[in-house]
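**Student:** Below is one structure. I have some questions about it.
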Amino acid sequence: HYSTFDDSPHHFQGRCEYVLAEDSVGRDFSIHVENDNRHGNKYVSYTKAVAIKTRMIGVIKLLKTGVKINGQSVDIFPHVIGSDGTTVDKRFSSIIVTLGLSGVFVRWIGVDDYVRVSVPPTYRGRIRGLCGTFDGNSTNDLLLRDGSEVMASSSTFSSSQTTRKAYYSFGTSWTVPAASRLLIRTSDVCNDNTAPPSHPCNITNSSLPAPKERWIQAQRKCHDITDTTGPYAVCHGVQDPNWYFES
């Protein structure tokens, strides 16, 4: 599940290496993520590792097993790299990377499969990837690698199959070519399907056991999130609950 720099949510469950965010003008940095299916479930993927490539430093890898900078393990934190003041720090379960010259901030919580990227205003309109365009316009975040727009994004997530296909087209367009991978071996084959899997709670999905019962169970368990009289109702005016409900 992703939320772009312009606060537009989208959902993509691909299994490969993808461009999360990169500078499309000066090529100052490129942030890749390796996503994998959780426990072999093709409906759910998680972020397994993060790699940050910069012109000044090289490649910083944030792995479940630790941190590597240009192939060398880092065990002492905070760790300062190069003359630009790039730092890698460890705070509890978080690994935090701050790129010195650019001011880009990456936080990786491996135990939660969570990554957060912040970029300064100097990069406004220069970003592309799964995190969107960072131009203040949330309607154009689903920009494909070739510069075309798959569809107008929306602050309200729709679970329709049309929207799922659009998100899938967007996500797979940011698959990293084998020769440019930082995390997955170039010889490995990604198993992205040619089409997104059907929604696991789709009551018309006959390939799943008792899909209607699964849908009813999911609705029951997650009802509190969108219930206008429920425990999270006070938050609805600040945060759209539908994104969390569909997740």
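How things are named: the first chain in the structure tokens is A, the next is B, and so on; residues count from 1 in each chain; ligands count from 1 in the order shown.
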I'd like the neighbourhood of range 225-233 of chain A as a list in words, where a residue qualifies if any of its atoms comes within 9 Å (using only C-alpha atoms), though same-chain residues fewer than 6 positions away should be ignored.
**Tutor:**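 Using only C-alpha atoms, the neighbours found are Asp240, Pro241, Asn242, Tyr244 and Phe245 of chain A.
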**Student:** Could those selected residues go to a file with all heavy atoms, as a compact mmCIF listing (two decimals), in the first residue's frame?
**Tutor:**
```txt
# COMPACT_ATOMS: atom_id res chain seq x y z
N ASP A 240 -9.21 9.98 5.41
CA ASP A 240 -10.21 9.18 4.72
C ASP A 240 -10.08 7.72 5.16
O ASP A 240 -9.04 7.09 4.95
CB ASP A 240 -9.98 9.28 3.21
CG ASP A 240 -11.03 8.52 2.40
OD1 ASP A 240 -11.92 7.90 3.02
OD2 ASP A 240 -10.93 8.54 1.15
N PRO A 241 -11.11 7.14 5.76
CA PRO A 241 -11.03 5.78 6.28
C PRO A 241 -11.07 4.70 5.20
O PRO A 241 -10.70 3.56 5.44
CB PRO A 241 -12.24 5.67 7.21
CG PRO A 241 -13.25 6.59 6.57
CD PRO A 241 -12.43 7.74 6.04
N ASN A 242 -11.56 5.06 3.99
CA ASN A 242 -11.73 4.05 2.95
C ASN A 242 -10.40 3.42 2.52
O ASN A 242 -10.34 2.25 2.17
CB ASN A 242 -12.42 4.67 1.73
CG ASN A 242 -13.86 5.05 2.04
OD1 ASN A 242 -14.64 4.21 2.45
ND2 ASN A 242 -14.19 6.31 1.85
N TYR A 244 -7.83 2.75 4.40
CA TYR A 244 -7.47 1.74 5.39
C TYR A 244 -8.42 0.56 5.31
O TYR A 244 -8.02 -0.60 5.50
CB TYR A 244 -7.49 2.35 6.80
CG TYR A 244 -6.46 3.44 6.97
CD1 TYR A 244 -6.79 4.77 6.77
CD2 TYR A 244 -5.14 3.13 7.30
CE1 TYR A 244 -5.84 5.78 6.91
CE2 TYR A 244 -4.18 4.12 7.45
CZ TYR A 244 -4.54 5.43 7.25
OH TYR A 244 -3.60 6.41 7.37
N PHE A 245 -9.69 0.83 5.03
CA PHE A 245 -10.66 -0.25 4.93
C PHE A 245 -10.31 -1.19 3.78
O PHE A 245 -10.33 -2.42 3.92
CB PHE A 245 -12.06 0.33 4.73
CG PHE A 245 -13.15 -0.69 4.62
CD1 PHE A 245 -13.68 -1.27 5.76
CD2 PHE A 245 -13.65 -1.07 3.38
CE1 PHE A 245 -14.69 -2.23 5.67
CE2 PHE A 245 -14.66 -2.02 3.29
CZ PHE A 245 -15.18 -2.60 4.42
```
**Student:** Taking only residues of range 65-157 of chain A that have an atom at most 12 Å from an atom of range 33-57 of chain A, what is each one's shortest atom pair and its distance in Å to one decimal, using only C-alpha atoms, in chain and number order, as a tab-separated table?
**Tutor:**
```
residue	atom	partner	partner_atom	distance
A:Thr65	CA	A:Ala49	CA	9.6
A:Gly66	CA	A:Ala49	CA	10.0
A:Val67	CA	A:Ala51	CA	9.8
A:Lys68	CA	A:Ala51	CA	9.4
A:Ile69	CA	A:Ile57	CA	8.4
A:Asn70	CA	A:Ile57	CA	8.3
A:Gly71	CA	A:Ala51	CA	11.5
A:Val80	CA	A:Ile57	CA	10.7
A:Ile81	CA	A:Ile57	CA	7.1
A:Gly82	CA	A:Ile57	CA	6.6
A:Ser83	CA	A:Met56	CA	8.7
A:Asp84	CA	A:Met56	CA	7.8
A:Gly85	CA	A:Ile57	CA	10.2
A:Thr86	CA	A:Ile57	CA	8.2
A:Thr87	CA	A:Ile57	CA	10.7
A:Val88	CA	A:Ile52	CA	11.5
A:Ile95	CA	A:Val50	CA	10.7
A:Ile96	CA	A:Val50	CA	11.6
A:Val97	CA	A:Ile52	CA	9.0
A:Thr98	CA	A:Ile52	CA	10.6
A:Leu99	CA	A:Thr54	CA	8.5
A:Gly100	CA	A:Met56	CA	9.6
A:Leu101	CA	A:Met56	CA	9.0
A:Ser102	CA	A:Thr54	CA	9.7
A:Val104	CA	A:Ile52	CA	10.3
A:Phe105	CA	A:Ile52	CA	10.5
A:Val106	CA	A:Ile52	CA	8.8
A:Arg107	CA	A:Val50	CA	9.8
A:Trp108	CA	A:Val50	CA	7.7
A:Ile109	CA	A:Ala49	CA	9.9
A:Gly110	CA	A:Lys48	CA	7.5
A:Val111	CA	A:Lys48	CA	9.7
A:Asp112	CA	A:Thr47	CA	9.0
A:Asp113	CA	A:Thr47	CA	5.2
A:Tyr114	CA	A:Thr47	CA	6.8
A:Val115	CA	A:Thr47	CA	7.8
A:Arg116	CA	A:Val50	CA	10.5
A:Val117	CA	A:Ile52	CA	10.8
A:Gly129	CA	A:Val33	CA	10.9
A:Leu130	CA	A:Val33	CA	9.9
A:Cys131	CA	A:Val33	CA	11.5
```
**Student:** Restricting the calculation to only C-alpha atoms: of A:His32, A:Arg220, A:Arg91, A:His11, which residue gets closest to Ile184 in chain A?
**Tutor:** A:His32
**Student:** Please, which residues of range 6-214 of chain A, numbered as in this document, come out strand (DSSP E or B) from DSSP, as a PyMOL selection string?
**Tutor:** chain A and resi 9-10+17-23+29-38+41-54+58-63+66-69+72-74+79-81+86-91+94-98+105-109+114-118+127-128+143+149+175
**Student:** What does the structure give for the distance between CA of Asp89 in chain A and CA of His1 in chain A, in Å to one decimal?
**Tutor:** 25.4 Å
**Student:** Identify which of the residues A:Ser169, A:Gln217, A:Ser180, A:Thr186 lies closest to Phe12 in chain A, counting only C-alpha atoms when measuring atom-to-atom distances.
**Tutor:**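 Smallest separation from Phe12 in chain A among the options: A:Ser169.
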**Student:** Have a look at CA of Asp28 in chain A and CA of Lys64 in chain A and let me know their distance in Å, one decimal.
**Tutor:** 25.4 Å
